[in-house]
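**Student:** Please find structure.pdb (PDB, C-alpha atoms, pLDDT in the B column) on the next line:
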```
ATOM      1  CA  MET A  27     -45.060 -38.766 -55.946  1.00 50.00           C
ATOM      2  CA  PRO A  28     -44.043 -37.248 -52.679  1.00 49.00           C
ATOM      3  CA  ASP A  29     -43.157 -33.563 -52.565  1.00 50.00           C
ATOM      4  CA  HIS A  30     -39.514 -34.018 -51.571  1.00 47.00           C
ATOM      5  CA  GLU A  31     -38.877 -36.377 -54.460  1.00 50.00           C
ATOM      6  CA  GLN A  32     -40.519 -33.930 -56.829  1.00 51.00           C
ATOM      7  CA  ALA A  33     -38.362 -31.070 -55.444  1.00 49.00           C
ATOM      8  CA  ALA A  34     -35.249 -33.184 -55.850  1.00 50.00           C
ATOM      9  CA  ARG A  35     -36.149 -34.010 -59.440  1.00 52.00           C
ATOM     10  CA  SER A  36     -36.849 -30.364 -60.126  1.00 50.00           C
ATOM     11  CA  GLU A  37     -33.436 -29.411 -58.740  1.00 50.00           C
ATOM     12  CA  ARG A  38     -31.762 -32.079 -60.846  1.00 51.00           C
ATOM     13  CA  ALA A  39     -33.659 -30.973 -63.895  1.00 48.00           C
ATOM     14  CA  GLY A  40     -32.504 -27.398 -63.230  1.00 49.00           C
ATOM     15  CA  ASP A  41     -36.054 -26.243 -62.547  1.00 51.00           C
ATOM     16  CA  SER A  42     -36.219 -23.197 -60.260  1.00 54.00           C
ATOM     17  CA  PRO A  43     -38.971 -22.958 -57.685  1.00 53.00           C
ATOM     18  CA  PRO A  44     -42.031 -21.111 -58.784  1.00 53.00           C
ATOM     19  CA  ALA A  45     -42.114 -17.365 -58.057  1.00 52.00           C
ATOM     20  CA  GLY A  46     -43.413 -16.512 -54.577  1.00 52.00           C
ATOM     21  CA  ALA A  47     -42.738 -20.031 -53.284  1.00 52.00           C
ATOM     22  CA  LYS A  48     -40.713 -20.252 -50.033  1.00 63.00           C
ATOM     23  CA  ARG A  49     -37.468 -22.209 -50.408  1.00 66.00           C
ATOM     24  CA  LYS A  50     -37.060 -24.947 -47.837  1.00 76.00           C
ATOM     25  CA  GLU A  51     -34.046 -24.741 -45.474  1.00 76.00           C
ATOM     26  CA  THR A  52     -31.532 -27.474 -46.014  1.00 87.00           C
ATOM     27  CA  GLU A  53     -30.198 -29.595 -43.170  1.00 86.00           C
ATOM     28  CA  ALA A  54     -26.764 -27.922 -43.399  1.00 84.00           C
ATOM     29  CA  GLU A  55     -28.278 -24.428 -43.299  1.00 86.00           C
ATOM     30  CA  ARG A  56     -30.410 -25.301 -40.317  1.00 86.00           C
ATOM     31  CA  ALA A  57     -27.404 -26.782 -38.497  1.00 86.00           C
ATOM     32  CA  GLY A  58     -25.363 -23.661 -39.324  1.00 86.00           C
ATOM     33  CA  ARG A  59     -28.127 -21.362 -38.058  1.00 85.00           C
ATOM     34  CA  GLU A  60     -28.475 -23.342 -34.822  1.00 88.00           C
ATOM     35  CA  ALA A  61     -24.709 -23.326 -34.335  1.00 88.00           C
ATOM     36  CA  GLU A  62     -24.677 -19.538 -34.838  1.00 89.00           C
ATOM     37  CA  GLN A  63     -27.465 -19.123 -32.301  1.00 91.00           C
ATOM     38  CA  GLN A  64     -25.601 -21.377 -29.861  1.00 91.00           C
ATOM     39  CA  VAL A  65     -22.413 -19.287 -30.290  1.00 90.00           C
ATOM     40  CA  GLU A  66     -24.421 -16.112 -29.580  1.00 90.00           C
ATOM     41  CA  ARG A  67     -25.910 -17.719 -26.447  1.00 91.00           C
ATOM     42  CA  ASP A  68     -22.431 -18.860 -25.353  1.00 88.00           C
ATOM     43  CA  LEU A  69     -21.026 -15.364 -25.906  1.00 91.00           C
ATOM     44  CA  ASP A  70     -23.876 -13.856 -23.873  1.00 89.00           C
ATOM     45  CA  GLU A  71     -23.240 -16.337 -21.051  1.00 91.00           C
ATOM     46  CA  LEU A  72     -19.502 -15.624 -21.219  1.00 91.00           C
ATOM     47  CA  ALA A  73     -20.151 -11.869 -20.993  1.00 91.00           C
ATOM     48  CA  GLU A  74     -22.463 -12.436 -17.998  1.00 92.00           C
ATOM     49  CA  THR A  75     -19.871 -14.672 -16.348  1.00 91.00           C
ATOM     50  CA  LYS A  76     -17.176 -12.029 -16.932  1.00 92.00           C
ATOM     51  CA  ARG A  77     -19.433  -9.348 -15.425  1.00 91.00           C
ATOM     52  CA  GLU A  78     -20.080 -11.520 -12.346  1.00 92.00           C
ATOM     53  CA  ARG A  79     -16.369 -12.310 -12.079  1.00 92.00           C
ATOM     54  CA  ASP A  80     -15.521  -8.599 -12.159  1.00 91.00           C
ATOM     55  CA  GLU A  81     -18.125  -7.891  -9.468  1.00 92.00           C
ATOM     56  CA  TYR A  82     -16.744 -10.650  -7.221  1.00 91.00           C
ATOM     57  CA  LEU A  83     -13.175  -9.478  -7.837  1.00 91.00           C
ATOM     58  CA  GLU A  84     -14.107  -5.902  -6.906  1.00 92.00           C
ATOM     59  CA  LEU A  85     -15.908  -7.156  -3.789  1.00 91.00           C
ATOM     60  CA  ALA A  86     -12.888  -9.256  -2.811  1.00 91.00           C
ATOM     61  CA  GLN A  87     -10.542  -6.304  -3.312  1.00 93.00           C
ATOM     62  CA  ARG A  88     -12.789  -4.026  -1.229  1.00 92.00           C
ATOM     63  CA  THR A  89     -13.033  -6.672   1.486  1.00 92.00           C
ATOM     64  CA  ARG A  90      -9.271  -7.106   1.495  1.00 92.00           C
ATOM     65  CA  ALA A  91      -8.720  -3.336   1.727  1.00 92.00           C
ATOM     66  CA  ASP A  92     -11.296  -3.078   4.551  1.00 92.00           C
ATOM     67  CA  PHE A  93      -9.606  -5.919   6.427  1.00 91.00           C
ATOM     68  CA  GLU A  94      -6.171  -4.341   5.960  1.00 92.00           C
ATOM     69  CA  ASN A  95      -7.490  -1.031   7.315  1.00 93.00           C
ATOM     70  CA  TYR A  96      -9.120  -2.864  10.229  1.00 90.00           C
ATOM     71  CA  ARG A  97      -5.869  -4.706  10.988  1.00 91.00           C
ATOM     72  CA  LYS A  98      -3.883  -1.469  10.982  1.00 93.00           C
ATOM     73  CA  ARG A  99      -6.467   0.273  13.167  1.00 92.00           C
ATOM     74  CA  VAL A 100      -6.452  -2.576  15.691  1.00 90.00           C
ATOM     75  CA  ALA A 101      -2.636  -2.614  15.720  1.00 91.00           C
ATOM     76  CA  ASN A 102      -2.561   1.154  16.347  1.00 90.00           C
ATOM     77  CA  GLU A 103      -5.203   0.928  19.074  1.00 91.00           C
ATOM     78  CA  THR A 104      -3.323  -1.947  20.713  1.00 89.00           C
ATOM     79  CA  SER A 105      -0.058  -0.013  20.579  1.00 88.00           C
ATOM     80  CA  GLU A 106      -1.707   3.093  22.031  1.00 88.00           C
ATOM     81  CA  ALA A 107      -3.371   1.043  24.790  1.00 89.00           C
ATOM     82  CA  ARG A 108      -0.029  -0.568  25.638  1.00 84.00           C
ATOM     83  CA  ALA A 109       1.625   2.862  25.804  1.00 83.00           C
ATOM     84  CA  ARG A 110      -1.181   4.183  28.024  1.00 85.00           C
ATOM     85  CA  GLY A 111      -0.783   1.167  30.304  1.00 84.00           C
ATOM     86  CA  LYS A 112       2.965   1.716  30.596  1.00 80.00           C
ATOM     87  CA  ALA A 113       2.473   5.409  31.297  1.00 83.00           C
ATOM     88  CA  GLU A 114      -0.091   4.711  34.016  1.00 83.00           C
ATOM     89  CA  LEU A 115       2.123   2.091  35.661  1.00 80.00           C
ATOM     90  CA  ALA A 116       5.133   4.411  35.524  1.00 80.00           C
ATOM     91  CA  ARG A 117       3.158   7.255  37.109  1.00 81.00           C
ATOM     92  CA  GLU A 118       2.148   4.983  39.965  1.00 80.00           C
ATOM     93  CA  LEU A 119       5.744   3.829  40.529  1.00 80.00           C
ATOM     94  CA  LEU A 120       7.367   7.268  40.452  1.00 83.00           C
ATOM     95  CA  PRO A 121       6.498   8.128  44.073  1.00 81.00           C
ATOM     96  CA  VAL A 122       8.100   4.823  45.125  1.00 81.00           C
ATOM     97  CA  ILE A 123      11.336   5.830  43.434  1.00 81.00           C
ATOM     98  CA  ASP A 124      11.127   9.278  45.058  1.00 82.00           C
ATOM     99  CA  ASN A 125      10.794   7.730  48.531  1.00 79.00           C
ATOM    100  CA  LEU A 126      13.657   5.328  47.913  1.00 81.00           C
ATOM    101  CA  GLU A 127      15.859   8.191  46.757  1.00 81.00           C
ATOM    102  CA  ARG A 128      14.922  10.226  49.841  1.00 77.00           C
ATOM    103  CA  ALA A 129      15.792   7.271  52.077  1.00 74.00           C
ATOM    104  CA  LEU A 130      19.153   6.872  50.351  1.00 75.00           C
ATOM    105  CA  GLN A 131      19.846  10.599  50.586  1.00 76.00           C
ATOM    106  CA  THR A 132      19.008  10.571  54.311  1.00 67.00           C
ATOM    107  CA  ASP A 133      21.621   7.873  54.794  1.00 62.00           C
ATOM    108  CA  VAL A 134      24.204   9.889  52.830  1.00 62.00           C
ATOM    109  CA  ASP A 135      23.415  12.975  54.938  1.00 61.00           C
ATOM    110  CA  ALA A 136      23.698  10.963  58.165  1.00 62.00           C
ATOM    111  CA  ARG A 137      27.086   9.614  57.129  1.00 60.00           C
ATOM    112  CA  ALA A 138      28.316  13.112  56.319  1.00 58.00           C
ATOM    113  CA  ARG A 139      27.185  14.466  59.705  1.00 58.00           C
ATOM    114  CA  ASP A 140      28.562  11.634  61.752  1.00 56.00           C
ATOM    115  CA  SER A 141      31.511  10.309  59.792  1.00 52.00           C
ATOM    116  CA  ALA A 142      33.351   9.389  62.994  1.00 46.00           C
ATOM    117  CA  THR A 143      30.693   6.892  64.020  1.00 53.00           C
ATOM    118  CA  ARG A 144      30.745   3.549  62.268  1.00 55.00           C
ATOM    119  CA  LEU A 145      27.297   2.454  61.146  1.00 54.00           C
ATOM    120  CA  GLY A 146      26.201  -0.959  62.290  1.00 65.00           C
ATOM    121  CA  GLU A 147      26.237  -3.943  59.963  1.00 64.00           C
ATOM    122  CA  ARG A 148      22.456  -4.218  60.049  1.00 63.00           C
ATOM    123  CA  HIS A 149      22.086  -0.625  58.973  1.00 74.00           C
ATOM    124  CA  GLU A 150      24.575  -1.188  56.121  1.00 76.00           C
ATOM    125  CA  ALA A 151      22.625  -4.265  54.997  1.00 71.00           C
ATOM    126  CA  LEU A 152      19.387  -2.255  55.025  1.00 75.00           C
ATOM    127  CA  VAL A 153      20.950   0.502  52.944  1.00 79.00           C
ATOM    128  CA  ARG A 154      22.333  -2.016  50.448  1.00 80.00           C
ATOM    129  CA  GLY A 155      18.891  -3.615  50.204  1.00 78.00           C
ATOM    130  CA  VAL A 156      17.226  -0.268  49.524  1.00 82.00           C
ATOM    131  CA  GLU A 157      19.880   0.514  46.913  1.00 85.00           C
ATOM    132  CA  LEU A 158      19.253  -2.806  45.163  1.00 82.00           C
ATOM    133  CA  VAL A 159      15.481  -2.262  45.141  1.00 83.00           C
ATOM    134  CA  HIS A 160      15.988   1.256  43.823  1.00 84.00           C
ATOM    135  CA  LYS A 161      18.319   0.070  41.061  1.00 84.00           C
ATOM    136  CA  GLU A 162      16.050  -2.785  40.041  1.00 82.00           C
ATOM    137  CA  LEU A 163      13.020  -0.517  39.925  1.00 84.00           C
ATOM    138  CA  ARG A 164      14.890   2.052  37.840  1.00 84.00           C
ATOM    139  CA  ASP A 165      16.156  -0.684  35.482  1.00 84.00           C
ATOM    140  CA  ARG A 166      12.639  -2.045  34.998  1.00 81.00           C
ATOM    141  CA  LEU A 167      11.268   1.391  34.213  1.00 83.00           C
ATOM    142  CA  GLU A 168      14.118   2.113  31.799  1.00 84.00           C
ATOM    143  CA  SER A 169      13.502  -1.181  29.989  1.00 82.00           C
ATOM    144  CA  ALA A 170       9.886  -0.054  29.519  1.00 81.00           C
ATOM    145  CA  GLY A 171      11.112   3.193  27.938  1.00 85.00           C
ATOM    146  CA  VAL A 172      10.815   5.419  31.034  1.00 87.00           C
ATOM    147  CA  GLU A 173      13.747   7.777  31.553  1.00 89.00           C
ATOM    148  CA  ALA A 174      14.470  10.252  34.340  1.00 90.00           C
ATOM    149  CA  PHE A 175      15.779  13.766  33.716  1.00 93.00           C
ATOM    150  CA  ASP A 176      17.386  16.226  36.108  1.00 95.00           C
ATOM    151  CA  PRO A 177      17.339  19.771  34.677  1.00 95.00           C
ATOM    152  CA  THR A 178      19.607  21.400  37.284  1.00 94.00           C
ATOM    153  CA  GLY A 179      21.548  24.192  35.586  1.00 93.00           C
ATOM    154  CA  GLU A 180      19.244  24.291  32.562  1.00 94.00           C
ATOM    155  CA  PRO A 181      16.870  27.132  31.588  1.00 95.00           C
ATOM    156  CA  PHE A 182      13.411  26.733  33.082  1.00 95.00           C
ATOM    157  CA  ASP A 183      10.929  25.211  30.590  1.00 95.00           C
ATOM    158  CA  PRO A 184       7.285  25.140  31.753  1.00 93.00           C
ATOM    159  CA  GLN A 185       6.586  22.186  29.437  1.00 93.00           C
ATOM    160  CA  LEU A 186       9.206  20.077  31.215  1.00 94.00           C
ATOM    161  CA  HIS A 187       9.492  21.673  34.652  1.00 95.00           C
ATOM    162  CA  GLU A 188       7.207  22.616  37.503  1.00 95.00           C
ATOM    163  CA  ALA A 189       8.522  25.534  39.584  1.00 95.00           C
ATOM    164  CA  LEU A 190       7.959  24.917  43.283  1.00 94.00           C
ATOM    165  CA  SER A 191       9.665  28.164  44.286  1.00 94.00           C
ATOM    166  CA  THR A 192      12.113  30.832  43.154  1.00 93.00           C
ATOM    167  CA  GLN A 193      15.297  32.023  44.831  1.00 92.00           C
ATOM    168  CA  PRO A 194      17.591  34.964  44.219  1.00 91.00           C
ATOM    169  CA  SER A 195      21.025  33.966  42.944  1.00 87.00           C
ATOM    170  CA  GLU A 196      24.022  36.208  42.431  1.00 85.00           C
ATOM    171  CA  ASP A 197      25.968  33.611  40.414  1.00 86.00           C
ATOM    172  CA  THR A 198      23.129  32.627  38.051  1.00 87.00           C
ATOM    173  CA  GLU A 199      20.942  34.620  35.720  1.00 92.00           C
ATOM    174  CA  ALA A 200      17.175  34.583  36.189  1.00 91.00           C
ATOM    175  CA  GLY A 201      15.165  31.625  34.887  1.00 93.00           C
ATOM    176  CA  ILE A 202      17.747  28.897  35.521  1.00 94.00           C
ATOM    177  CA  VAL A 203      16.932  25.728  37.485  1.00 95.00           C
ATOM    178  CA  LEU A 204      18.939  25.963  40.725  1.00 94.00           C
ATOM    179  CA  GLU A 205      17.792  22.731  42.297  1.00 94.00           C
ATOM    180  CA  THR A 206      15.766  19.695  41.274  1.00 94.00           C
ATOM    181  CA  VAL A 207      13.509  18.665  44.141  1.00 93.00           C
ATOM    182  CA  GLU A 208      12.024  15.721  42.213  1.00 92.00           C
ATOM    183  CA  LYS A 209      13.303  14.441  38.893  1.00 93.00           C
ATOM    184  CA  GLY A 210      11.107  14.545  35.816  1.00 94.00           C
ATOM    185  CA  TYR A 211      10.222  11.407  33.869  1.00 92.00           C
ATOM    186  CA  ARG A 212       9.559  10.776  30.184  1.00 92.00           C
ATOM    187  CA  LEU A 213       8.139   7.788  28.330  1.00 87.00           C
ATOM    188  CA  ASN A 214       9.326   7.657  24.716  1.00 83.00           C
ATOM    189  CA  GLY A 215       9.733  11.438  24.709  1.00 83.00           C
ATOM    190  CA  GLN A 216       6.336  12.137  26.307  1.00 88.00           C
ATOM    191  CA  VAL A 217       6.507  13.819  29.724  1.00 92.00           C
ATOM    192  CA  LEU A 218       4.975  11.585  32.386  1.00 89.00           C
ATOM    193  CA  ARG A 219       5.780  14.009  35.165  1.00 92.00           C
ATOM    194  CA  PRO A 220       7.541  17.363  34.977  1.00 95.00           C
ATOM    195  CA  ALA A 221      10.634  17.882  37.089  1.00 95.00           C
ATOM    196  CA  ARG A 222       9.809  19.796  40.283  1.00 95.00           C
ATOM    197  CA  VAL A 223      12.389  22.506  40.606  1.00 95.00           C
ATOM    198  CA  VAL A 224      13.599  25.678  42.289  1.00 95.00           C
ATOM    199  CA  VAL A 225      14.253  28.485  39.792  1.00 95.00           C
ATOM    200  CA  SER A 226      16.530  31.510  40.021  1.00 93.00           C
ATOM    201  CA  ARG A 227      15.034  34.976  39.888  1.00 88.00           C
TER
END
```
The structure given in the file should be rewritten as structure tokens.

**Tutor:**
Amino acid sequence: MPDHEQAARSERAGDSPPAGAKRKETEAERAGREAEQQVERDLDELAETKRERDEYLELAQRTRADFENYRKRVANETSEARARGKAELARELLPVIDNLERALQTDVDARARDSATRLGERHEALVRGVELVHKELRDRLESAGVEAFDPTGEPFDPQLHEALSTQPSEDTEAGIVLETVEKGYRLNGQVLRPARVVVSR
């Protein structure tokens, strides 16, 4: 008689296995043990997957933060470069404005000296042309954020003004700007060129 039939008969007969004999694992027990082992393997894999997911998430967050910092830095550098470019252009154009203003002032002085003489039409057209160029140039600079300032009558400030000379003045206390020889210019509050002035002493 085969062993498994004998074991089955013994179980039916209520016989217990002999002492020291190893009980055989049933099919259901083996399936349960394998299922338990599979669950443990699945849980281990799930924990590993979660760990990898957390690592990738942290890497993605760091990469995003680095990119955001890079974007801000590039935006700041671009803005600063644009401001430097505007300032350099404005500095180069300021002498042009000075010369145009001198030319216009010369015409005003000539008219005051010789008011009886009528200026010719060609001269008038030239003056109007210079005035238009001067206005357009000033408008362009103002649209770029460049503003002129004339400190005549204000206290002398070495951060804003450059003293070309001093003059005694009975009507004004010392340290006041008597005359602005060349206007000062600012770009967004930053001094591009100090005003060149004559100061009372």

**Student:** List the residues selected by the PyMOL selection byres ((chain A and resi 210-217) around 8) in the file shown, writing them as an MDAnalysis selection string.

**Tutor:** chainID A and resid 113 171:176 186:187 208:209 218:222

**Student:** Dump C-alpha atoms for the selected residues as a CSV table (one decimal), in the frame of the given file?

**Tutor:**
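File selection-v5.csv, as written:
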```
chain,number,residue,atom,x,y,z
A,113,ALA,CA,2.5,5.4,31.3
A,171,GLY,CA,11.1,3.2,27.9
A,172,VAL,CA,10.8,5.4,31.0
A,173,GLU,CA,13.7,7.8,31.6
A,174,ALA,CA,14.5,10.3,34.3
A,175,PHE,CA,15.8,13.8,33.7
A,176,ASP,CA,17.4,16.2,36.1
A,186,LEU,CA,9.2,20.1,31.2
A,187,HIS,CA,9.5,21.7,34.7
A,208,GLU,CA,12.0,15.7,42.2
A,209,LYS,CA,13.3,14.4,38.9
A,218,LEU,CA,5.0,11.6,32.4
A,219,ARG,CA,5.8,14.0,35.2
A,220,PRO,CA,7.5,17.4,35.0
A,221,ALA,CA,10.6,17.9,37.1
A,222,ARG,CA,9.8,19.8,40.3
```

**Student:** Given the PyMOL selection byres ((chain A and resi 191-207) around 8) and the file above, list the residues it selects as a list in words.

**Tutor:**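 Answer for the PyMOL selection byres ((chain A and resi 191-207) around 8): Asp176, Pro177, Thr178, Gly179, Glu180, Pro181, Phe182, Ala189, Leu190, Glu208, Lys209, Ala221, Arg222, Val223, Val224, Val225, Ser226 and Arg227 of chain A.
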
**Student:** Just to confirm, what's the straight-line distance from atom CA of Arg117 of chain A to atom CA of Pro184 of chain A in Å (one decimal)?

**Tutor:**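 That distance, rounded to one decimal, is 19.1 Å.
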
**Student:** Kindly give the distance, in Å, that separates atom CA of Leu126 of chain A and atom CA of Glu157 of chain A, rounded to a single decimal.

**Tutor:**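 These atoms are spaced 7.9 Å apart.
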
**Student:** Using atom CA of Lys50 of chain A and atom CA of Gln64 of chain A as the two end points, give the distance in Å to one decimal.

**Tutor:**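 Computing the Euclidean distance for atom CA of Lys50 of chain A and atom CA of Gln64 of chain A yields 21.6 Å.
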
**Student:** Enclose the full set of atoms of segment 70-88 of chain A listed in the file within a box whose edges lie along x, y and z, apply 5 Å of padding to each of the six sides, and report centre and edge lengths in Å to one decimal as JSON.

**Tutor:**
```
{"center_x": -17.2, "center_y": -10.2, "center_z": -12.6, "size_x": 23.3, "size_y": 22.3, "size_z": 32.6}
```
